[in-house]
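Coordinates from structure.txt are shown below (compact mmCIF, C-alpha atoms and all ligand atoms).
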# COMPACT_ATOMS: atom_id res chain seq x y z
CA MET A 1 -15.86 22.07 -4.42
CA GLU A 2 -18.74 20.66 -6.43
CA THR A 3 -16.27 18.62 -8.50
CA ASN A 4 -14.63 17.36 -5.32
CA ARG A 5 -17.95 16.21 -3.92
CA LEU A 6 -18.79 14.52 -7.17
CA GLN A 7 -15.41 12.79 -7.29
CA LYS A 8 -15.75 11.71 -3.68
CA ASN A 9 -18.98 9.98 -4.61
CA ILE A 10 -17.43 8.00 -7.41
CA THR A 11 -14.29 6.87 -5.61
CA GLU A 12 -13.35 5.24 -2.32
CA ASN A 13 -14.46 6.76 0.93
CA VAL A 14 -14.43 6.00 4.61
CA TRP A 15 -17.92 4.44 4.78
CA LEU A 16 -17.52 2.15 1.78
CA TRP A 17 -14.22 1.01 3.18
CA LEU A 18 -15.78 0.36 6.59
CA VAL A 19 -18.63 -1.66 5.02
CA LYS A 20 -16.10 -3.70 3.01
CA ILE A 21 -14.10 -4.49 6.15
CA ILE A 22 -17.18 -5.40 8.21
CA ALA A 23 -18.43 -7.63 5.37
CA GLY A 24 -14.98 -9.26 5.17
CA LEU A 25 -15.03 -9.94 8.90
CA GLY A 26 -18.58 -11.34 8.56
CA ILE A 27 -17.40 -13.71 5.82
CA VAL A 28 -14.57 -15.02 8.00
CA ILE A 29 -16.96 -15.64 10.93
CA PHE A 30 -19.77 -17.22 8.89
CA LEU A 31 -17.41 -19.28 6.75
CA THR A 32 -15.75 -20.67 9.88
CA ILE A 33 -19.15 -21.63 11.35
CA HIS A 34 -20.23 -23.01 7.94
CA PHE A 35 -17.16 -25.26 7.73
CA ILE A 36 -17.37 -26.41 11.34
CA VAL A 37 -21.07 -27.27 11.04
CA ASN A 38 -20.71 -28.94 7.63
CA HIS A 39 -17.67 -31.02 8.42
CA LEU A 40 -17.66 -31.55 12.16
CA VAL A 41 -21.18 -31.13 13.56
CA ALA A 42 -23.35 -32.66 10.82
CA PRO A 43 -22.85 -36.42 11.19
CA GLU A 44 -20.85 -37.67 8.18
CA GLY A 45 -21.30 -34.27 6.48
CA LEU A 46 -24.14 -32.94 4.31
CA LEU A 47 -24.01 -35.36 1.43
CA SER A 48 -27.56 -35.63 0.11
CA TYR A 49 -30.43 -33.29 -0.69
CA ALA A 50 -32.37 -34.71 2.26
CA ASP A 51 -29.42 -33.88 4.55
CA ILE A 52 -29.48 -30.29 3.28
CA LEU A 53 -33.22 -29.94 3.87
CA ARG A 54 -32.82 -31.31 7.40
CA TYR A 55 -29.97 -28.86 7.93
CA TYR A 56 -32.17 -25.95 6.78
CA SER A 57 -35.00 -26.91 9.12
CA ASN A 58 -32.92 -25.43 11.94
CA PRO A 59 -33.97 -21.72 11.86
CA ILE A 60 -30.46 -20.49 12.70
CA VAL A 61 -29.08 -21.99 9.47
CA PRO A 62 -31.03 -19.91 6.91
CA ILE A 63 -30.34 -16.75 8.92
CA MET A 64 -26.64 -17.53 8.95
CA GLU A 65 -26.56 -18.46 5.25
CA ALA A 66 -28.47 -15.27 4.36
CA GLY A 67 -25.90 -13.22 6.27
CA PHE A 68 -23.10 -15.10 4.55
CA LEU A 69 -24.67 -14.44 1.15
CA ILE A 70 -25.08 -10.70 1.78
CA PHE A 71 -21.59 -10.27 3.20
CA ALA A 72 -19.99 -12.24 0.34
CA VAL A 73 -21.82 -10.28 -2.37
CA VAL A 74 -21.15 -6.88 -0.76
CA HIS A 75 -17.50 -7.61 -0.06
CA SER A 76 -16.76 -9.03 -3.51
CA LEU A 77 -18.48 -6.23 -5.42
CA LEU A 78 -16.84 -3.51 -3.33
CA GLY A 79 -13.53 -5.30 -3.95
CA LEU A 80 -14.25 -5.41 -7.67
CA ARG A 81 -15.05 -1.70 -7.54
CA SER A 82 -11.68 -1.00 -5.90
CA ILE A 83 -9.95 -2.92 -8.69
CA ILE A 84 -11.91 -0.98 -11.33
CA LEU A 85 -10.83 2.27 -9.61
CA ASP A 86 -7.22 1.16 -9.97
CA LEU A 87 -7.70 1.25 -13.73
CA ASN A 88 -8.25 5.01 -13.50
CA PRO A 89 -11.77 5.12 -14.92
CA SER A 90 -13.26 8.46 -15.88
CA THR A 91 -16.15 10.01 -13.91
CA LYS A 92 -18.39 9.03 -16.81
CA VAL A 93 -17.41 5.35 -16.57
CA MET A 94 -17.88 5.31 -12.80
CA ARG A 95 -21.33 6.83 -13.17
CA PHE A 96 -22.15 3.74 -15.19
CA VAL A 97 -20.19 1.23 -13.06
CA ASN A 98 -21.70 2.26 -9.69
CA PRO A 99 -25.37 1.59 -10.60
CA LEU A 100 -24.32 -1.54 -12.51
CA LEU A 101 -22.63 -2.98 -9.41
CA ILE A 102 -25.63 -2.05 -7.24
CA ALA A 103 -27.93 -3.79 -9.74
CA VAL A 104 -25.75 -6.93 -9.94
CA GLY A 105 -25.43 -7.03 -6.14
CA SER A 106 -29.16 -6.55 -5.52
CA ALA A 107 -30.09 -9.17 -8.14
CA SER A 108 -27.64 -11.70 -6.65
CA ILE A 109 -28.90 -11.13 -3.12
CA ILE A 110 -32.58 -11.31 -4.14
CA TYR A 111 -32.00 -14.48 -6.15
CA GLY A 112 -29.97 -16.06 -3.32
CA LEU A 113 -32.59 -15.19 -0.71
CA TRP A 114 -35.34 -16.59 -2.92
CA LEU A 115 -33.43 -19.89 -3.23
CA LEU A 116 -32.92 -19.90 0.50
CA LEU A 117 -36.66 -19.41 1.13
CA VAL A 118 -37.49 -22.25 -1.27
CA LEU A 119 -35.18 -24.56 0.69
CA VAL A 120 -36.67 -23.43 4.01
CA GLN A 121 -40.17 -24.01 2.68
CA ARG A 122 -39.29 -27.50 1.41
CA ALA A 123 -37.57 -28.27 4.69
CA SER A 124 -40.74 -27.43 6.61
CA LEU A 125 -42.91 -29.81 4.52
CA MET B 1 36.89 -5.25 4.33
CA ASN B 2 39.03 -8.05 2.81
CA ASP B 3 40.92 -7.56 -0.46
CA THR B 4 38.85 -9.89 -2.65
CA ILE B 5 38.02 -8.42 -6.03
CA TRP B 6 34.99 -9.42 -8.09
CA THR B 7 34.28 -8.71 -11.73
CA ILE B 8 30.66 -7.72 -12.24
CA GLU B 9 28.53 -6.47 -15.11
CA LEU B 10 26.32 -3.44 -14.56
CA LYS B 11 23.39 -2.97 -16.90
CA ILE B 12 22.31 0.62 -16.39
CA PHE B 13 19.14 2.38 -17.54
CA ARG B 14 19.89 5.44 -19.65
CA GLN B 15 17.56 8.19 -20.79
CA ARG B 16 18.13 11.82 -21.66
CA ALA B 17 15.15 14.18 -21.60
CA ASP B 18 12.60 12.78 -24.00
CA ALA B 19 15.08 10.66 -25.95
CA GLN B 20 14.68 6.93 -26.39
CA ARG B 21 15.47 4.91 -23.27
CA TYR B 22 18.03 2.10 -23.44
CA PHE B 23 20.32 0.00 -21.26
CA GLN B 24 24.10 0.31 -21.29
CA THR B 25 26.40 -2.39 -19.98
CA PHE B 26 29.67 -1.81 -18.12
CA GLN B 27 32.17 -4.26 -16.66
CA ILE B 28 33.90 -3.23 -13.48
CA GLU B 29 36.11 -4.72 -10.82
CA ILE B 30 35.01 -4.14 -7.27
CA ASN B 31 35.43 -5.41 -3.74
CA PRO B 32 32.20 -7.27 -2.83
CA ASP B 33 32.09 -5.43 0.50
CA GLU B 34 31.75 -2.12 -1.31
CA TYR B 35 28.29 -0.80 -2.10
CA VAL B 36 26.17 -0.57 -5.24
CA LEU B 37 26.57 3.22 -5.18
CA ASP B 38 30.36 2.72 -5.24
CA ALA B 39 29.95 0.57 -8.36
CA ILE B 40 27.86 3.26 -10.06
CA GLU B 41 30.42 5.90 -9.09
CA LYS B 42 33.15 3.71 -10.61
CA VAL B 43 31.21 3.60 -13.87
CA TRP B 44 30.88 7.39 -13.76
CA ALA B 45 34.55 7.94 -12.85
CA PHE B 46 36.20 5.45 -15.20
CA HIS B 47 33.74 4.73 -18.02
CA ASP B 48 31.15 7.41 -18.66
CA ARG B 49 31.12 10.88 -17.12
CA SER B 50 27.73 11.60 -18.64
CA LEU B 51 25.95 9.10 -16.34
CA THR B 52 23.64 10.96 -13.96
CA PHE B 53 22.54 9.71 -10.54
CA ARG B 54 21.77 11.23 -7.16
CA HIS B 55 23.77 10.79 -3.98
CA ALA B 56 24.94 12.89 -1.07
CA CYS B 57 25.54 11.45 2.38
CA HIS B 58 26.66 7.89 1.54
CA HIS B 59 25.30 6.68 4.89
CA SER B 60 21.54 6.26 4.49
CA THR B 61 20.57 9.67 5.80
CA CYS B 62 19.80 11.91 2.83
CA GLY B 63 17.57 9.47 0.92
CA ALA B 64 18.98 10.57 -2.43
CA CYS B 65 20.40 7.30 -3.73
CA GLY B 66 17.26 5.12 -3.96
CA MET B 67 17.24 3.04 -7.17
CA LEU B 68 15.99 -0.28 -8.44
CA VAL B 69 18.67 -2.92 -8.05
CA ASN B 70 17.72 -6.10 -9.89
CA GLY B 71 14.12 -4.84 -9.87
CA ILE B 72 13.91 -4.12 -6.14
CA GLU B 73 14.04 -0.72 -4.44
CA LYS B 74 17.35 -0.31 -2.60
CA LEU B 75 19.21 2.49 -0.93
CA THR B 76 22.33 1.94 -2.97
CA CYS B 77 24.75 3.52 -0.49
CA ILE B 78 24.06 0.78 2.06
CA THR B 79 23.43 -2.15 -0.30
CA SER B 80 26.60 -4.20 -0.47
CA ILE B 81 27.61 -5.74 -3.77
CA ARG B 82 27.84 -9.10 -1.99
CA SER B 83 24.16 -8.95 -0.99
CA VAL B 84 22.84 -8.52 -4.54
CA THR B 85 25.18 -10.39 -6.89
CA GLN B 86 28.16 -12.74 -7.08
CA ASN B 87 31.56 -12.84 -8.72
CA ASN B 88 31.05 -12.62 -12.52
CA GLY B 89 27.42 -11.79 -11.78
CA LYS B 90 25.18 -9.06 -13.14
CA LEU B 91 23.43 -6.05 -11.67
CA LEU B 92 20.46 -4.33 -13.28
CA ILE B 93 20.27 -0.70 -12.18
CA GLU B 94 17.14 1.36 -12.93
CA PRO B 95 15.59 4.58 -11.64
CA LEU B 96 12.76 4.44 -9.09
CA ARG B 97 9.29 3.68 -10.45
CA ASN B 98 6.23 5.94 -10.27
CA PHE B 99 8.23 9.16 -10.63
CA PRO B 100 9.07 10.86 -13.94
CA VAL B 101 12.64 10.18 -15.07
CA LEU B 102 14.66 13.38 -15.40
CA SER B 103 17.85 11.81 -16.64
CA ASP B 104 19.30 8.28 -16.38
CA LEU B 105 18.88 7.27 -12.73
CA VAL B 106 17.55 10.62 -11.53
CA VAL B 107 13.81 10.90 -10.96
CA ASP B 108 11.67 13.92 -10.17
CA THR B 109 10.38 13.45 -6.62
CA SER B 110 9.02 16.99 -6.33
CA SER B 111 5.39 15.76 -6.18
CA MET B 112 6.22 13.82 -3.01
CA PHE B 113 7.99 16.78 -1.42
CA LYS B 114 5.10 19.12 -2.26
CA ALA B 115 2.60 16.71 -0.70
CA LEU B 116 4.81 16.26 2.36
CA GLU B 117 4.97 20.00 2.77
CA GLU B 118 1.23 20.31 2.43
CA ILE B 119 0.67 17.73 5.12
CA GLY B 120 2.98 19.64 7.48
CA PHE B 121 5.74 17.02 7.54
CA ASN B 122 8.36 17.93 10.06
CA GLN B 123 11.75 16.24 10.34
CA VAL B 124 11.52 16.56 14.11
CA ALA B 125 8.64 15.15 16.16
CA SER B 126 7.85 14.44 19.78
CA LEU B 127 9.14 11.05 20.97
CA PRO B 128 5.71 9.37 21.22
CA SER B 129 4.68 10.33 17.69
CA ALA B 130 8.06 9.60 16.08
CA CYS B 131 8.14 6.06 17.49
CA LEU B 132 6.14 3.14 16.16
CA PRO B 133 3.32 1.85 18.36
CA TYR B 134 5.12 -1.45 19.01
CA GLU B 135 8.50 0.08 19.86
CA ARG B 136 9.74 -0.55 23.38
CA LYS B 137 8.82 2.48 25.44
CA THR B 138 11.03 4.03 28.07
CA LEU B 139 10.04 6.62 30.65
CA GLU B 140 11.16 9.36 28.28
CA HIS B 141 8.49 8.32 25.79
CA GLU B 142 5.79 9.47 28.18
CA ARG B 143 7.16 13.00 28.09
CA SER B 144 6.09 14.66 24.87
CA GLU B 145 8.51 17.55 25.34
CA TYR B 146 11.30 15.17 24.26
CA GLN B 147 11.81 15.28 20.53
CA ARG B 148 13.79 13.33 17.98
CA LEU B 149 14.34 13.20 14.22
CA VAL B 150 11.60 11.23 12.50
CA ASP B 151 12.63 8.05 10.68
CA CYS B 152 11.55 8.99 7.16
CA ILE B 153 14.48 10.10 4.98
CA GLU B 154 12.18 11.04 2.07
CA CYS B 155 13.81 8.59 -0.33
CA GLY B 156 10.55 7.85 -2.18
CA MET B 157 11.26 4.13 -2.34
CA CYS B 158 7.89 3.28 -0.77
CA ILE B 159 6.09 5.19 -3.52
CA SER B 160 8.19 3.39 -6.12
CA ALA B 161 7.19 -0.01 -4.70
CA CYS B 162 3.50 0.83 -4.20
CA PRO B 163 1.16 -0.93 -6.68
CA VAL B 164 -1.52 1.74 -6.20
CA SER B 165 0.92 4.56 -7.02
CA LEU B 166 1.75 2.58 -10.15
CA THR B 167 -1.79 2.77 -11.48
CA ASP B 168 -2.90 6.09 -9.97
CA SER B 169 -0.39 8.91 -10.19
CA ASN B 170 -2.65 11.10 -8.03
CA TYR B 171 -2.57 8.69 -5.07
CA LEU B 172 -0.86 10.44 -2.15
CA GLY B 173 1.38 7.44 -1.57
CA PRO B 174 2.79 5.72 1.50
CA ALA B 175 5.42 8.31 2.45
CA VAL B 176 2.85 11.12 2.56
CA LEU B 177 0.20 9.10 4.40
CA ALA B 178 2.83 7.90 6.91
CA ALA B 179 3.88 11.52 7.41
CA ALA B 180 0.25 12.42 8.02
CA HIS B 181 0.14 9.77 10.73
CA ASP B 182 3.29 11.24 12.23
CA ALA B 183 1.81 14.71 12.20
CA SER B 184 -1.58 13.65 13.52
CA SER B 185 -0.91 12.17 16.91
CA GLN B 186 -2.24 15.37 18.38
CA PRO B 187 -6.03 15.81 17.70
CA LEU B 188 -6.71 15.37 13.99
CA SER B 189 -6.60 18.75 12.23
CA ASN B 190 -9.17 19.55 9.58
CA LYS B 191 -6.39 20.19 7.10
CA ILE B 192 -4.85 16.74 7.50
CA LEU B 193 -8.30 15.15 7.53
CA GLU B 194 -9.22 16.84 4.27
CA ILE B 195 -6.02 15.64 2.61
CA VAL B 196 -5.99 12.03 3.80
CA ASP B 197 -9.75 11.34 3.77
CA SER B 198 -10.00 12.13 0.08
CA ARG B 199 -10.32 10.29 -3.21
CA ASP B 200 -6.53 10.01 -3.49
CA GLY B 201 -5.93 9.30 0.16
CA LEU B 202 -6.11 6.53 2.75
CA TRP B 203 -8.88 4.41 1.24
CA ARG B 204 -7.03 3.64 -1.98
CA CYS B 205 -4.41 1.52 -0.21
CA HIS B 206 -4.75 -2.23 -0.97
CA ASN B 207 -2.61 -3.32 1.99
CA ALA B 208 0.12 -4.78 -0.22
CA PHE B 209 2.69 -3.63 2.39
CA GLU B 210 5.33 -3.37 -0.35
CA CYS B 211 6.10 0.07 1.12
CA SER B 212 7.01 -1.38 4.50
CA ALA B 213 9.06 -4.12 2.83
CA VAL B 214 11.33 -1.69 0.95
CA CYS B 215 11.50 1.19 3.45
CA PRO B 216 15.16 1.42 4.50
CA SER B 217 14.35 3.40 7.61
CA ASN B 218 11.75 1.28 9.41
CA VAL B 219 9.02 3.89 9.02
CA GLU B 220 6.49 1.09 8.44
CA PRO B 221 4.29 3.21 6.13
CA GLY B 222 1.84 0.31 5.70
CA LEU B 223 1.24 0.02 9.42
CA ARG B 224 0.96 3.80 9.73
CA ILE B 225 -1.69 3.89 6.98
CA MET B 226 -3.71 1.29 8.93
CA LYS B 227 -3.34 3.30 12.14
CA MET B 228 -4.34 6.47 10.33
CA ARG B 229 -7.45 4.71 9.00
CA GLN B 230 -8.42 3.74 12.54
CA THR B 231 -7.98 7.34 13.66
CA VAL B 232 -10.07 8.75 10.79
CA ILE B 233 -12.86 6.18 11.20
CA ALA B 234 -13.04 6.84 14.94
CA HIS B 235 -13.16 10.57 14.22
CA ARG B 236 -15.92 10.20 11.59
CA ILE B 237 -18.07 7.95 13.80
CA LYS B 238 -17.67 10.30 16.76
CA LYS B 239 -18.66 13.19 14.53
CA LEU B 240 -21.68 11.29 13.25
CA PHE B 241 -23.02 10.79 16.75
CA SER B 242 -22.12 14.22 18.03
CA ARG B 243 -24.22 15.73 15.23
CA GLY B 244 -27.38 14.05 16.46
S1 LIG C 1 8.56 6.04 4.36
FE1 LIG C 1 10.49 4.87 4.15
S2 LIG C 1 10.59 4.37 1.97
FE2 LIG C 1 9.05 5.98 2.18
S3 LIG C 1 10.14 7.90 1.80
FE3 LIG C 1 10.19 7.55 4.02
S4 LIG C 1 12.10 6.43 4.40
FE4 LIG C 1 11.71 6.31 2.20
S1 LIG C 2 23.56 8.76 -0.45
FE1 LIG C 2 22.35 9.55 1.17
S2 LIG C 2 21.01 7.93 1.60
FE2 LIG C 2 22.31 7.08 0.13

Can I see the file as structure tokens?
Amino acid sequence: METNRLQKNITENVWLWLVKIIAGLGIVIFLTIHFIVNHLVAPEGLLSYADILRYYSNPIVPIMEAGFLIFAVVHSLLGLRSIILDLNPSTKVMRFVNPLLIAVGSASIIYGLWLLLVLVQRASL
Amino acid sequence: MNDTIWTIELKIFRQRADAQRYFQTFQIEINPDEYVLDAIEKVWAFHDRSLTFRHACHHSTCGACGMLVNGIEKLTCITSIRSVTQNNGKLLIEPLRNFPVLSDLVVDTSSMFKALEEIGFNQVASLPSACLPYERKTLEHERSEYQRLVDCIECGMCISACPVSLTDSNYLGPAVLAAAHDASSQPLSNKILEIVDSRDGLWRCHNAFECSAVCPSNVEPGLRIMKMRQTVIAHRIKKLFSRG
């Protein structure tokens, strides 16, 4: 029973799968908005740094881009984890892979959010 | 059937117990409207009596004759020669993948049968649960006392085609998960839940839908896995809230 619980923790389960699907759906929605805004709404597209800063001065944009960032990182790392599981890793390997993926994901999200805040700050100047 | 005769070359996988595997080539003459299983039987009858393969019903009911024909899972008793080769053409015949080879074209599918038994697979089910969600419903479908044979003929071809079964031999596989869906239209039993919502169960599927593509009996295991996921998620969420 203990082994089962341990193995359940290192492999796929219902909640991880649900998060992956929700993140995937989020990517589709945000990417669609992103493309529409970038190519159809923004006049002549976002071609210069100044255009980007103007774009980020709209408060909805950083919120949307932050959501997009989080969904993309979560979905891709959970997908990568599924692929690693297909290689039949041992419990030992997964005990190493799980925290590694959490660390990579957290670092990517923190770095992305920091960049986003820098852009927002510059846009407000 | 017309009386055209084709000459074809069969390249057949051979393996005895743990001996080295190899391919053996046979030339036969056959009517193109005959079936691949007929060609294999001709090889057995006229060329090599030591060739082993499984067959029984010859009309897509027993599920015994599944093999790889030119690399694709086929029920050989209903696969016409004409549909897979041409006159003077070749046919590559191999055993199903993802099962241990017992001898030549015979594989050991006992793991699938054991799992099916564990899940409570029944060859007969009520009309609503035996039919696919998109099938046209008649009045009879509303009455669960009507029963019919389920579609799955336990051929194992879906497991052979599944890329997850290829890498993880413990994965329950499409046939078993589809059977769980069949057996679970009544409220989800703890036993089924424990089997399918496990490390080797529903969540390992990558939605390749190879299972549905090769299934000769329109079981749609891929679709059934998705439906089963919906059922389990709904059950888990309901349980989460009912706890609080
Ligand atoms: S689901 Fe289809 S392919 Fe799989 S064992 Fe049943 S009949 Fe064969
Ligand atoms: S021999 Fe029975 S299904 Fe082909």

Taking only residues of chain B that have an atom at most 8 Å from an atom of chain A, what is each one's shortest atom pair and its distance in Å to one decimal, using only C-alpha atoms, in chain and number order, as a Markdown table?
| residue | atom | partner | partner_atom | distance |
| --- | --- | --- | --- | --- |
| B:Val164 | CA | A:Asp86 | CA | 6.9 |
| B:Thr167 | CA | A:Asp86 | CA | 5.9 |
| B:Asp168 | CA | A:Asn88 | CA | 6.5 |
| B:Asp197 | CA | A:Val14 | CA | 7.2 |
| B:Ser198 | CA | A:Lys8 | CA | 6.9 |
| B:Arg199 | CA | A:Lys8 | CA | 5.6 |
| B:Trp203 | CA | A:Glu12 | CA | 5.8 |
| B:Arg204 | CA | A:Glu12 | CA | 6.5 |
| B:Ile233 | CA | A:Val14 | CA | 6.8 |

What residues of the protein or nucleic acid chains come within 9 Å of ligand LIG 1 (chain C) when you use all atoms listed in the file? Reply as a ChimeraX atom specification. /B:63,66,73,75,112,151-161,173-179,211-222

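For ligand LIG 2 (chain C), the protein and nucleic acid residues at most 10 Å away, judged by only C-alpha atoms and all ligand atoms, amount to Leu37, Arg54, His55, Ala56, Cys57, His58, His59, Ser60, Thr61, Cys62, Gly63, Ala64, Cys65, Gly66, Met67, Lys74, Leu75, Thr76, Cys77, Ile78, Thr79, Ile153, Glu154, Cys155 and Pro216 of chain B.
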
Might you pull out every residue within 7 Å of B:Pro32, with only C-alpha atoms counted and same-chain residues fewer than 5 positions away left off, and present them as a PDB file with C-alpha atoms, in the coordinates of the input?
ATOM      1  CA  ILE B   5      38.020  -8.420  -6.030  1.00  0.00           C
ATOM      2  CA  TRP B   6      34.990  -9.420  -8.090  1.00  0.00           C
ATOM      3  CA  SER B  80      26.600  -4.200  -0.470  1.00  0.00           C
ATOM      4  CA  ILE B  81      27.610  -5.740  -3.770  1.00  0.00           C
ATOM      5  CA  ARG B  82      27.840  -9.100  -1.990  1.00  0.00           C
TER       6      ARG B  82
END

Quick one, how far is atom CA of A:Val93 from atom CA of B:Asn98? 24.5 Å

Compile the contact shell of A:Val28 as a list of chain:residue names: residues with an atom at most 10 Å away, counting all atoms listed in the file, same-chain residues fewer than 4 positions apart removed. A:Ile22, A:Ala23, A:Gly24, A:Thr32, A:Ile33, A:His34, A:Phe68, A:Phe71, A:Ala72

Which residues, written as a ChimeraX atom specification, have at least one atom at most 8 Å from B:Leu91, with all atoms listed in the file counted and residues fewer than 5 positions away on the same chain left out? /B:8-11,69-70,84-85

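From atom CA of B:Val150 back to atom CA of B:Met226, the distance works out to 18.6 Å.
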
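Atom CA of B:Glu117 is found 17.2 Å from atom CA of B:Ala130.
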
Test item: residues at most 12 Å from stretch 38-43 of chain A, all atoms listed in the file, excluding those fewer than 4 positions along its chain, as a compact mmCIF listing (two decimals) with C-alpha atoms, keeping the file's coordinate frame:
# COMPACT_ATOMS: atom_id res chain seq x y z
CA PHE A 30 -19.77 -17.22 8.89
CA LEU A 31 -17.41 -19.28 6.75
CA THR A 32 -15.75 -20.67 9.88
CA ILE A 33 -19.15 -21.63 11.35
CA HIS A 34 -20.23 -23.01 7.94
CA LEU A 47 -24.01 -35.36 1.43
CA SER A 48 -27.56 -35.63 0.11
CA ASP A 51 -29.42 -33.88 4.55
CA ILE A 52 -29.48 -30.29 3.28
CA ARG A 54 -32.82 -31.31 7.40
CA TYR A 55 -29.97 -28.86 7.93
CA TYR A 56 -32.17 -25.95 6.78
CA VAL A 61 -29.08 -21.99 9.47

Which protein, DNA or RNA residues have an atom at most 12 Å from (-26.1, -8.7, 5.0), counting all atoms listed in the file? List them as a count of residues only. 28

Please list as a VMD selection string every residue within 12 Å of B:Ala19, counting all atoms listed in the file and excluding residues in the same chain fewer than 6 positions away. chain B and resid 101 to 104

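Of the residues listed (B:Ser126, B:Asp33, B:His206, B:Leu166), B:Ser126 shows the shortest atom-to-atom separation from B:Tyr146; distances use only C-alpha atoms.
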
What would the file be for stretch 92-103 of chain B if you keep N, CA, C and O atoms and write it as a short mmCIF file (atom, residue, chain, number, x, y, z; two decimals), in the first residue's frame?
data_model
loop_
_atom_site.label_atom_id
_atom_site.label_comp_id
_atom_site.auth_asym_id
_atom_site.auth_seq_id
_atom_site.Cartn_x
_atom_site.Cartn_y
_atom_site.Cartn_z
N LEU B 92 4.65 -8.78 -45.72
CA LEU B 92 5.47 -9.03 -44.54
C LEU B 92 4.53 -9.40 -43.39
O LEU B 92 3.64 -8.62 -43.05
N ILE B 93 4.68 -10.59 -42.85
CA ILE B 93 3.77 -11.06 -41.80
C ILE B 93 4.54 -11.23 -40.50
O ILE B 93 5.51 -12.00 -40.43
N GLU B 94 4.10 -10.49 -39.46
CA GLU B 94 4.79 -10.57 -38.16
C GLU B 94 3.76 -10.76 -37.04
O GLU B 94 2.58 -10.44 -37.21
N PRO B 95 4.22 -11.22 -35.88
CA PRO B 95 3.28 -11.35 -34.75
C PRO B 95 2.93 -9.96 -34.20
O PRO B 95 3.65 -8.99 -34.45
N LEU B 96 1.87 -9.88 -33.41
CA LEU B 96 1.50 -8.60 -32.79
C LEU B 96 2.63 -8.09 -31.91
O LEU B 96 3.40 -8.87 -31.35
N ARG B 97 2.70 -6.77 -31.78
CA ARG B 97 3.71 -6.15 -30.91
C ARG B 97 3.20 -6.13 -29.47
O ARG B 97 2.02 -6.33 -29.21
N ASN B 98 4.09 -5.83 -28.57
CA ASN B 98 3.78 -5.58 -27.15
C ASN B 98 3.23 -6.79 -26.39
O ASN B 98 2.62 -6.64 -25.33
N PHE B 99 3.38 -7.96 -26.98
CA PHE B 99 3.07 -9.22 -26.29
C PHE B 99 4.28 -10.14 -26.50
O PHE B 99 4.90 -10.09 -27.58
N PRO B 100 4.60 -10.98 -25.52
CA PRO B 100 5.73 -11.90 -25.75
C PRO B 100 5.39 -12.91 -26.85
O PRO B 100 4.26 -13.40 -26.91
N VAL B 101 6.37 -13.19 -27.70
CA VAL B 101 6.15 -14.17 -28.78
C VAL B 101 6.31 -15.57 -28.18
O VAL B 101 7.30 -15.87 -27.52
N LEU B 102 5.31 -16.41 -28.42
CA LEU B 102 5.41 -17.80 -27.95
C LEU B 102 6.08 -18.65 -29.02
O LEU B 102 6.96 -19.44 -28.74
N SER B 103 5.62 -18.46 -30.25
CA SER B 103 6.18 -19.24 -31.35
C SER B 103 5.70 -18.65 -32.66
O SER B 103 4.49 -18.46 -32.86
#
